[in-house]
$ cat upload32.cif   # mmCIF, C-alpha atoms
data_final
#
loop_
_atom_site.label_atom_id
_atom_site.label_comp_id
_atom_site.auth_asym_id
_atom_site.auth_seq_id
_atom_site.Cartn_x
_atom_site.Cartn_y
_atom_site.Cartn_z
CA MET F 43 118.12 87.18 94.30
CA LEU F 44 120.60 86.10 96.95
CA ASP F 45 121.40 82.45 96.42
CA ALA F 46 124.57 80.39 95.93
CA ARG F 47 126.55 83.41 94.71
CA PRO F 48 127.12 86.16 97.30
CA PHE F 49 126.13 89.74 96.53
CA GLY F 50 128.65 92.18 95.16
CA ALA F 51 128.89 95.84 96.14
CA ALA F 52 126.70 96.92 93.22
CA GLU F 53 123.82 94.70 94.36
CA VAL F 54 124.05 95.93 97.94
CA ALA F 55 123.92 99.54 96.71
CA GLU F 56 120.97 98.76 94.42
CA ILE F 57 118.96 97.52 97.40
CA ALA F 58 120.19 100.12 99.89
CA ARG F 59 119.88 103.19 97.69
CA ARG F 60 117.31 102.35 95.05
CA ASN F 61 114.99 100.08 97.04
CA ALA F 62 115.40 96.95 94.94
CA ARG F 63 113.69 93.96 96.57
CA LEU F 64 115.74 91.15 98.05
CA VAL F 65 114.68 87.53 97.53
CA LEU F 66 116.38 84.43 98.93
CA GLY F 67 116.93 81.53 96.54
CA GLU F 68 116.67 77.81 97.16
CA GLU F 69 120.38 77.27 97.88
CA ALA F 70 120.44 80.12 100.39
CA MET F 71 117.42 78.65 102.19
CA ARG F 72 119.02 75.21 102.22
CA ARG F 73 122.14 76.62 103.85
CA ILE F 74 120.13 78.52 106.46
CA ARG F 75 118.14 75.40 107.39
CA ALA F 76 121.21 73.17 107.52
CA SER F 77 123.06 75.62 109.74
CA ARG F 78 120.05 75.93 112.03
CA ALA F 79 119.72 72.17 112.33
CA VAL F 80 123.24 72.01 113.78
CA ILE F 81 122.35 74.54 116.48
CA GLU F 82 119.13 72.76 117.39
CA HIS F 83 120.88 69.36 117.54
CA LEU F 84 123.74 70.55 119.75
CA THR F 85 121.38 72.48 122.01
CA GLN F 86 119.31 69.35 122.61
CA LEU F 87 122.48 67.45 123.51
CA GLY F 88 123.30 70.08 126.12
CA LYS F 89 126.68 70.86 124.56
CA PRO F 90 128.40 74.05 125.75
CA ILE F 91 128.03 76.54 122.88
CA TYR F 92 129.27 80.10 123.25
CA GLY F 93 126.38 82.55 123.29
CA VAL F 94 123.82 79.75 123.12
CA THR F 95 124.17 77.65 126.26
CA THR F 96 126.75 79.95 127.87
CA GLY F 97 126.97 83.65 128.47
CA LEU F 98 128.91 86.13 126.32
CA GLY F 99 132.24 87.84 126.86
CA ALA F 100 133.46 87.53 130.44
CA CYS F 101 130.52 85.21 131.14
CA VAL F 102 131.79 82.62 128.68
CA ASP F 103 132.19 80.09 131.51
CA THR F 104 128.71 80.74 132.90
CA PRO F 105 126.31 77.98 131.80
CA LEU F 106 122.71 78.90 131.05
CA ALA F 107 119.81 76.88 132.36
CA PRO F 108 117.69 75.31 129.59
CA ALA F 109 114.72 77.40 130.73
CA ASP F 110 116.74 80.61 130.23
CA LEU F 111 118.03 80.07 126.69
CA ILE F 112 115.28 82.04 124.91
CA ALA F 113 115.19 84.87 127.44
CA PHE F 114 118.95 85.21 127.14
CA GLN F 115 118.72 85.73 123.36
CA HIS F 116 116.19 88.52 123.88
CA SER F 117 118.55 90.16 126.37
CA VAL F 118 121.50 90.19 123.95
CA PRO F 119 120.23 93.06 121.75
CA LEU F 120 119.34 95.06 124.86
CA SER F 121 122.77 94.66 126.43
CA HIS F 122 124.57 95.64 123.23
CA SER F 123 122.42 98.56 122.01
CA MET F 124 124.53 101.25 123.69
CA GLY F 125 125.12 103.66 120.81
CA ILE F 126 124.58 107.43 121.02
CA GLY F 127 124.55 110.40 118.69
CA PRO F 128 122.78 111.13 115.40
CA ALA F 129 120.97 108.36 113.57
CA LEU F 130 122.64 106.57 110.69
CA PRO F 131 121.38 107.49 107.22
CA ILE F 132 118.66 105.16 105.95
CA GLU F 133 120.85 103.93 103.11
CA ALA F 134 123.51 102.86 105.64
CA VAL F 135 120.89 101.02 107.70
CA ARG F 136 119.59 99.26 104.61
CA ALA F 137 123.11 98.33 103.51
CA MET F 138 123.77 96.92 106.99
CA MET F 139 120.59 94.86 106.83
CA VAL F 140 121.54 93.49 103.42
CA ALA F 141 125.02 92.59 104.64
CA ARG F 142 123.66 90.76 107.68
CA ILE F 143 121.12 88.84 105.63
CA SER F 144 123.87 87.94 103.18
CA GLY F 145 126.03 86.62 106.00
CA MET F 146 123.18 84.52 107.34
CA ALA F 147 122.38 83.18 103.87
CA ALA F 148 125.95 81.86 103.63
CA GLY F 149 124.89 79.27 106.17
CA GLY F 150 127.34 79.67 109.02
CA THR F 151 125.46 81.64 111.65
CA GLY F 152 122.87 79.15 112.85
CA ALA F 153 120.15 81.82 112.77
CA SER F 154 116.61 80.48 112.55
CA GLU F 155 114.75 80.72 109.29
CA ARG F 156 112.02 82.89 110.81
CA VAL F 157 114.57 85.48 111.92
CA VAL F 158 116.30 85.64 108.53
CA MET F 159 112.97 85.98 106.75
CA GLY F 160 111.92 88.62 109.28
CA LEU F 161 114.96 90.70 108.36
CA VAL F 162 114.17 90.27 104.67
CA ALA F 163 110.54 91.25 105.21
CA ALA F 164 111.48 94.38 107.17
CA LEU F 165 113.99 95.43 104.52
CA ASN F 166 111.56 94.94 101.65
CA ALA F 167 108.76 96.72 103.56
CA GLY F 168 110.97 99.73 104.27
CA VAL F 169 110.97 99.35 108.05
CA HIS F 170 114.31 100.86 109.06
CA PRO F 171 115.60 100.68 112.64
CA VAL F 172 116.80 104.00 114.03
CA ILE F 173 120.45 103.31 114.85
CA PRO F 174 122.80 105.77 116.61
CA ALA F 175 125.95 106.41 114.62
CA TRP F 176 128.42 106.52 117.53
CA GLY F 177 129.61 103.71 119.78
CA SER F 178 131.31 100.37 119.45
CA MET F 179 132.53 97.46 121.51
CA GLY F 180 134.53 94.32 120.95
CA ALA F 181 135.68 93.33 117.48
CA ALA F 182 132.50 93.75 115.44
CA ASP F 183 129.63 96.13 114.76
CA LEU F 184 127.93 94.86 117.91
CA ALA F 185 126.31 98.12 118.99
CA PRO F 186 124.65 99.08 115.67
CA LEU F 187 123.46 95.52 115.13
CA GLY F 188 122.20 95.43 118.69
CA HIS F 189 120.04 98.47 117.95
CA MET F 190 118.83 96.83 114.73
CA ALA F 191 117.84 93.62 116.50
CA ARG F 192 116.23 95.52 119.35
CA ALA F 193 114.07 97.60 117.03
CA LEU F 194 112.97 94.66 114.90
CA ARG F 195 111.88 92.75 117.98
CA GLY F 196 109.56 95.65 118.81
CA ASP F 197 111.61 97.67 121.30
CA GLY F 198 113.06 100.95 120.03
CA ASP F 199 112.29 103.24 117.12
CA VAL F 200 112.04 102.72 113.36
CA GLU F 201 111.63 104.91 110.33
CA PHE F 202 108.69 103.89 108.17
CA GLN F 203 107.27 105.83 105.22
CA GLY F 204 109.24 108.93 106.16
CA LYS F 205 108.24 109.02 109.84
CA VAL F 206 110.08 107.95 112.98
CA MET F 207 107.88 106.01 115.38
CA PRO F 208 108.02 103.32 118.06
CA SER F 209 109.14 100.12 116.43
CA ALA F 210 106.09 98.15 117.55
CA GLU F 211 103.89 100.70 115.78
CA GLY F 212 105.99 100.68 112.61
CA LEU F 213 106.04 96.90 112.41
CA ALA F 214 102.28 96.78 112.87
CA LEU F 215 101.68 99.39 110.15
CA ALA F 216 103.87 97.36 107.79
CA GLY F 217 101.97 94.19 108.63
CA LEU F 218 105.02 92.56 110.22
CA GLU F 219 105.48 90.61 113.43
CA PRO F 220 108.35 91.40 115.80
CA LEU F 221 111.30 89.04 115.45
CA ASP F 222 110.68 85.84 117.41
CA LEU F 223 114.17 85.13 118.72
CA ARG F 224 115.10 81.55 119.56
CA GLU F 225 118.33 79.86 120.63
CA LYS F 226 121.36 81.61 119.08
CA ASP F 227 119.25 84.19 117.20
CA GLY F 228 120.11 87.28 119.25
CA HIS F 229 123.79 86.48 119.15
CA ALA F 230 123.66 85.54 115.46
CA ILE F 231 122.21 88.92 114.52
CA ILE F 232 124.74 91.09 116.32
CA VAL F 233 128.04 89.22 115.89
CA ALA F 234 129.17 90.59 112.52
CA ASN F 235 130.74 93.59 110.78
CA SER F 236 127.64 94.28 108.74
CA LEU F 237 127.64 98.07 109.09
CA SER F 238 131.27 98.28 108.01
CA THR F 239 130.69 95.88 105.12
CA GLY F 240 127.46 97.51 103.97
CA THR F 241 128.75 101.07 104.04
CA ALA F 242 131.96 99.96 102.28
CA CYS F 243 129.78 98.73 99.42
CA LEU F 244 128.17 102.17 99.19
CA TYR F 245 131.57 103.87 99.20
CA LEU F 246 132.75 101.60 96.40
CA GLU F 247 129.82 102.78 94.29
CA ASP F 248 130.68 106.38 95.16
CA VAL F 249 134.31 105.88 94.13
CA ALA F 250 133.23 104.31 90.84
CA HIS F 251 131.05 107.36 90.11
CA LEU F 252 133.89 109.72 91.06
CA ILE F 253 136.24 107.95 88.64
CA ASP F 254 133.67 108.25 85.86
CA TRP F 255 133.17 111.95 86.55
CA SER F 256 136.93 112.46 86.77
CA MET F 257 137.43 110.89 83.36
CA ALA F 258 134.89 113.29 81.85
CA ALA F 259 136.66 116.22 83.55
CA VAL F 260 140.07 115.08 82.33
CA ALA F 261 138.75 114.73 78.79
CA LEU F 262 137.39 118.30 78.94
CA ASN F 263 140.78 119.49 80.20
CA TYR F 264 142.51 117.74 77.33
CA GLU F 265 140.16 119.44 74.87
CA ALA F 266 140.58 122.87 76.43
CA PHE F 267 144.38 122.63 76.64
CA ARG F 268 144.73 120.91 73.24
CA SER F 269 146.72 118.13 74.86
CA SER F 270 148.76 115.52 73.08
CA LEU F 271 147.01 112.15 73.24
CA THR F 272 150.22 110.15 73.10
CA ALA F 273 149.91 109.79 76.90
CA ILE F 274 146.89 107.54 76.42
CA ASP F 275 148.25 105.58 73.48
CA GLU F 276 147.18 101.96 73.83
CA ASP F 277 150.48 100.42 72.76
CA ALA F 278 152.49 102.67 75.08
CA LEU F 279 150.31 101.92 78.10
CA SER F 280 150.43 98.18 77.38
CA ALA F 281 154.23 98.16 77.58
CA ARG F 282 154.02 97.78 81.38
CA PRO F 283 151.99 95.09 83.22
CA ALA F 284 149.83 97.70 84.96
CA PHE F 285 146.18 96.94 84.23
CA GLY F 286 144.95 100.14 85.90
CA GLN F 287 146.72 102.54 83.57
CA ARG F 288 145.56 100.55 80.55
CA GLU F 289 141.94 100.71 81.69
CA ILE F 290 142.11 104.45 82.39
CA GLY F 291 143.68 104.97 78.98
CA ALA F 292 140.86 103.02 77.36
CA ARG F 293 138.26 105.09 79.21
CA LEU F 294 139.85 108.36 78.11
CA ARG F 295 140.10 107.19 74.50
CA ALA F 296 136.38 106.40 74.63
CA GLU F 297 135.60 109.81 76.15
CA LEU F 298 137.60 111.53 73.39
CA GLU F 299 136.22 109.50 70.50
CA GLY F 300 135.62 111.81 67.56
CA SER F 301 137.74 114.61 69.03
CA GLY F 302 139.84 116.78 66.77
CA LEU F 303 142.79 116.06 69.05
CA TRP F 304 143.33 112.81 67.20
CA LYS F 305 144.31 114.69 64.06
CA GLU F 306 147.97 115.12 63.28
CA ASN F 307 149.54 118.31 64.69
CA ALA F 308 146.39 119.09 66.71
CA ALA F 309 148.25 119.25 70.03
CA ARG F 310 149.45 122.58 71.42
CA ARG F 311 152.97 121.31 72.16
CA ILE F 312 155.16 118.24 71.96
CA GLN F 313 155.04 117.50 75.69
CA ASP F 314 152.29 118.56 78.09
CA PRO F 315 152.49 119.31 81.85
CA LEU F 316 152.98 116.29 84.11
CA SER F 317 149.43 116.52 85.46
CA TYR F 318 148.09 115.72 81.98
CA ARG F 319 150.69 113.15 80.98
CA CYS F 320 150.39 111.01 84.13
CA VAL F 321 146.60 110.71 84.37
CA PRO F 322 146.59 107.00 83.36
CA GLN F 323 149.21 106.14 86.01
CA VAL F 324 147.68 108.20 88.84
CA TRP F 325 144.04 107.28 88.24
CA GLY F 326 145.04 103.73 87.38
CA GLY F 327 146.16 103.20 90.97
CA LEU F 328 142.54 103.51 92.08
CA LEU F 329 141.43 100.48 90.12
#
$ encode --input "upload32.cif" --output "structure tokens"
Amino acid sequence: MLDARPFGAAEVAEIARRNARLVLGEEAMRRIRASRAVIEHLTQLGKPIYGVTTGLGACVDTPLAPADLIAFQHSVPLSHSMGIGPALPIEAVRAMMVARISGMAAGGTGASERVVMGLVAALNAGVHPVIPAWGSMGAADLAPLGHMARALRGDGDVEFQGKVMPSAEGLALAGLEPLDLREKDGHAIIVANSLSTGTACLYLEDVAHLIDWSMAAVALNYEAFRSSLTAIDEDALSARPAFGQREIGARLRAELEGSGLWKENAARRIQDPLSYRCVPQVWGGLL
């Protein structure tokens, strides 16, 4: 559940890689509605709002006619979906969708409730926009998010149940309606670093796994070499204010619990090679 507390990397990976369902809580919905109310109020007043009542980029000083506000939002994904190359992996697309929903649930984007819930519904249904991996513009992940918005409004391709198909067909098979973009919605979807944020969460999970596997490998090396375990002594590692080396030392002591290396005179020599002695310091820098 995404609510008052933002997601951490582990929750993003759980949804992106293991298809956990995402649900929005009451506080998240309150924030979305409050943010949207601001946009609707200012739009009615005719205030100049970037990307809402004005154009984008170099067209910042170009006012939009009231009759053109909705059409302009539908044009935003089209103008920004300029990526090329191979499609992003599905897990990266899902992570990007989670990150964008999370940003909207924080309450600062002004996106309409129907659009946020449309993104949630597509994610939970497994409707994944086909997004080219190459191409960028400006200072955000505008191109990938443009492709995402374009596909979910029914124009482009999606992957659904293992098959790539026109997005309108995939949405219909999933029982979903195309996104109904209103004032600010097109701009709100694309103006973020959601691909970078989402994939960073996946990499953090990968790094955590690599550290775990490395600790098991180091422990096996210690056993095979008959290393001295003084290098992972708790008191010695606590002498410096370096939390990383202390944590790595604790992990290695847990890996080697019950080992014969803890017995007196079990080590091969008094001092081992540097690569064994400095594991807590080197690996500790990753934490």
$ resolve_selection --input "upload32.cif" --expression "the PyMOL selection byres ((chain F and resi 236) around 9)" --output "mmCIF file with C-alpha atoms, keeping the file's coordinate frame"
data_model
loop_
_atom_site.group_PDB
_atom_site.id
_atom_site.type_symbol
_atom_site.label_atom_id
_atom_site.label_comp_id
_atom_site.auth_asym_id
_atom_site.auth_seq_id
_atom_site.Cartn_x
_atom_site.Cartn_y
_atom_site.Cartn_z
ATOM 1 C CA ALA F 137 123.110 98.330 103.510
ATOM 2 C CA MET F 138 123.770 96.920 106.990
ATOM 3 C CA MET F 139 120.590 94.860 106.830
ATOM 4 C CA VAL F 140 121.540 93.490 103.420
ATOM 5 C CA ALA F 141 125.020 92.590 104.640
ATOM 6 C CA ARG F 142 123.660 90.760 107.680
ATOM 7 C CA GLY F 145 126.030 86.620 106.000
ATOM 8 C CA ALA F 182 132.500 93.750 115.440
ATOM 9 C CA ASP F 183 129.630 96.130 114.760
ATOM 10 C CA PRO F 186 124.650 99.080 115.670
ATOM 11 C CA LEU F 187 123.460 95.520 115.130
ATOM 12 C CA ILE F 232 124.740 91.090 116.320
ATOM 13 C CA VAL F 233 128.040 89.220 115.890
ATOM 14 C CA ALA F 234 129.170 90.590 112.520
ATOM 15 C CA ASN F 235 130.740 93.590 110.780
ATOM 16 C CA LEU F 237 127.640 98.070 109.090
ATOM 17 C CA SER F 238 131.270 98.280 108.010
ATOM 18 C CA THR F 239 130.690 95.880 105.120
ATOM 19 C CA GLY F 240 127.460 97.510 103.970
ATOM 20 C CA THR F 241 128.750 101.070 104.040
#
$ residues_around --input "upload32.cif" --residues "Pro108 (chain F)" --least-positions-apart "5" --cutoff "10 Å" --atoms "only C-alpha atoms" --output "ChimeraX atom specification"
/F:85-86,88,94-95
$ residues_around --input "upload32.cif" --residues "region 188-194 of chain F" --least-positions-apart "4" --cutoff "9 Å" --atoms "only C-alpha atoms" --output "NGL selection string"
:F and (116 or 118-125 or 135 or 139 or 160-161 or 164 or 169-174 or 183-184 or 198-200 or 208-210 or 213 or 219-221 or 228 or 231-233)
$ atom_distance --input "upload32.cif" --atom1 "CA of Leu66 (chain F)" --atom2 "CA of Met43 (chain F)"
5.7 Å
$ atom_distance --input "upload32.cif" --atom1 "CA of Thr272 (chain F)" --atom2 "CA of Gly327 (chain F)"
19.6 Å
$ closest_residue --input "upload32.cif" --among "F:Gly291, F:Gly212, F:Gly149, F:Gly177" --to "Met71 (chain F)" --atoms "all atoms listed in the file"
F:Gly149
$ closest_residue --input "upload32.cif" --among "F:Glu297, F:Glu155, F:Glu247, F:Asp197" --to "Ala230 (chain F)" --atoms "all atoms listed in the file"
F:Glu155
$ residues_around --input "upload32.cif" --residues "Tyr264 (chain F)" --least-positions-apart "5" --cutoff "9 Å" --atoms "only C-alpha atoms" --output "VMD selection string"
chain F and resid 259 269 to 271 298 303 318
$ residues_near_point --input "upload32.cif" --point "(134.9, 108.8, 81.0)" --cutoff "8 Å" --atoms "all atoms listed in the file" --output "number ranges by chain"
F: 253-258, 261, 293-294, 296-297
$ build_atoms --input "upload32.cif" --residues "region 262-291 of chain F" --atoms "N, CA and C atoms" --output "mmCIF file, in the frame of the given file"
data_model
loop_
_atom_site.group_PDB
_atom_site.id
_atom_site.type_symbol
_atom_site.label_atom_id
_atom_site.label_comp_id
_atom_site.auth_asym_id
_atom_site.auth_seq_id
_atom_site.Cartn_x
_atom_site.Cartn_y
_atom_site.Cartn_z
ATOM 1 N N LEU F 262 137.665 116.880 79.203
ATOM 2 C CA LEU F 262 137.390 118.300 78.940
ATOM 3 C C LEU F 262 138.667 119.128 79.059
ATOM 4 N N ASN F 263 139.499 118.788 80.053
ATOM 5 C CA ASN F 263 140.780 119.490 80.200
ATOM 6 C C ASN F 263 141.673 119.268 78.990
ATOM 7 N N TYR F 264 141.707 118.028 78.520
ATOM 8 C CA TYR F 264 142.510 117.740 77.330
ATOM 9 C C TYR F 264 142.035 118.588 76.142
ATOM 10 N N GLU F 265 140.714 118.655 75.982
ATOM 11 C CA GLU F 265 140.160 119.440 74.870
ATOM 12 C C GLU F 265 140.531 120.913 75.023
ATOM 13 N N ALA F 266 140.346 121.443 76.218
ATOM 14 C CA ALA F 266 140.580 122.870 76.430
ATOM 15 C C ALA F 266 142.058 123.238 76.265
ATOM 16 N N PHE F 267 142.943 122.351 76.695
ATOM 17 C CA PHE F 267 144.380 122.630 76.640
ATOM 18 C C PHE F 267 144.990 122.230 75.292
ATOM 19 N N ARG F 268 144.235 121.497 74.493
ATOM 20 C CA ARG F 268 144.730 120.910 73.240
ATOM 21 C C ARG F 268 145.926 120.002 73.542
ATOM 22 N N SER F 269 145.661 119.028 74.417
ATOM 23 C CA SER F 269 146.720 118.130 74.860
ATOM 24 C C SER F 269 147.107 117.131 73.780
ATOM 25 N N SER F 270 148.321 116.645 73.905
ATOM 26 C CA SER F 270 148.760 115.520 73.080
ATOM 27 C C SER F 270 148.162 114.246 73.646
ATOM 28 N N LEU F 271 147.630 113.395 72.784
ATOM 29 C CA LEU F 271 147.010 112.150 73.240
ATOM 30 C C LEU F 271 147.966 110.970 73.218
ATOM 31 N N THR F 272 149.253 111.251 73.024
ATOM 32 C CA THR F 272 150.220 110.150 73.100
ATOM 33 C C THR F 272 150.270 109.543 74.494
ATOM 34 N N ALA F 273 149.882 110.303 75.523
ATOM 35 C CA ALA F 273 149.910 109.790 76.900
ATOM 36 C C ALA F 273 148.902 108.675 77.122
ATOM 37 N N ILE F 274 147.890 108.594 76.254
ATOM 38 C CA ILE F 274 146.890 107.540 76.420
ATOM 39 C C ILE F 274 146.945 106.548 75.254
ATOM 40 N N ASP F 275 148.076 106.520 74.582
ATOM 41 C CA ASP F 275 148.250 105.580 73.480
ATOM 42 C C ASP F 275 148.189 104.142 74.000
ATOM 43 N N GLU F 276 147.407 103.321 73.342
ATOM 44 C CA GLU F 276 147.180 101.960 73.830
ATOM 45 C C GLU F 276 148.461 101.143 73.854
ATOM 46 N N ASP F 277 149.247 101.206 72.819
ATOM 47 C CA ASP F 277 150.480 100.420 72.760
ATOM 48 C C ASP F 277 151.463 100.861 73.846
ATOM 49 N N ALA F 278 151.563 102.172 74.063
ATOM 50 C CA ALA F 278 152.490 102.670 75.080
ATOM 51 C C ALA F 278 152.077 102.220 76.476
ATOM 52 N N LEU F 279 150.786 102.299 76.775
ATOM 53 C CA LEU F 279 150.310 101.920 78.100
ATOM 54 C C LEU F 279 150.367 100.407 78.327
ATOM 55 N N SER F 280 150.365 99.640 77.261
ATOM 56 C CA SER F 280 150.430 98.180 77.380
ATOM 57 C C SER F 280 151.853 97.684 77.565
ATOM 58 N N ALA F 281 152.835 98.581 77.465
ATOM 59 C CA ALA F 281 154.230 98.160 77.580
ATOM 60 C C ALA F 281 154.566 97.709 78.998
ATOM 61 N N ARG F 282 153.806 98.203 79.991
ATOM 62 C CA ARG F 282 154.020 97.780 81.380
ATOM 63 C C ARG F 282 152.843 96.919 81.836
ATOM 64 N N PRO F 283 153.082 95.944 82.723
ATOM 65 C CA PRO F 283 151.990 95.090 83.220
ATOM 66 C C PRO F 283 151.198 95.790 84.328
ATOM 67 N N ALA F 284 150.609 96.913 83.994
ATOM 68 C CA ALA F 284 149.830 97.700 84.960
ATOM 69 C C ALA F 284 148.421 97.853 84.400
ATOM 70 N N PHE F 285 147.508 96.958 84.839
ATOM 71 C CA PHE F 285 146.180 96.940 84.230
ATOM 72 C C PHE F 285 145.430 98.239 84.462
ATOM 73 N N GLY F 286 145.687 98.918 85.593
ATOM 74 C CA GLY F 286 144.950 100.140 85.900
ATOM 75 C C GLY F 286 145.186 101.232 84.890
ATOM 76 N N GLN F 287 146.439 101.463 84.527
ATOM 77 C CA GLN F 287 146.720 102.540 83.570
ATOM 78 C C GLN F 287 146.152 102.197 82.205
ATOM 79 N N ARG F 288 146.139 100.921 81.841
ATOM 80 C CA ARG F 288 145.560 100.550 80.550
ATOM 81 C C ARG F 288 144.058 100.799 80.526
ATOM 82 N N GLU F 289 143.390 100.496 81.654
ATOM 83 C CA GLU F 289 141.940 100.710 81.690
ATOM 84 C C GLU F 289 141.599 102.202 81.654
ATOM 85 N N ILE F 290 142.354 103.001 82.408
ATOM 86 C CA ILE F 290 142.110 104.450 82.390
ATOM 87 C C ILE F 290 142.366 104.999 80.988
ATOM 88 N N GLY F 291 143.422 104.532 80.349
ATOM 89 C CA GLY F 291 143.680 104.970 78.980
ATOM 90 C C GLY F 291 142.539 104.625 78.056
#
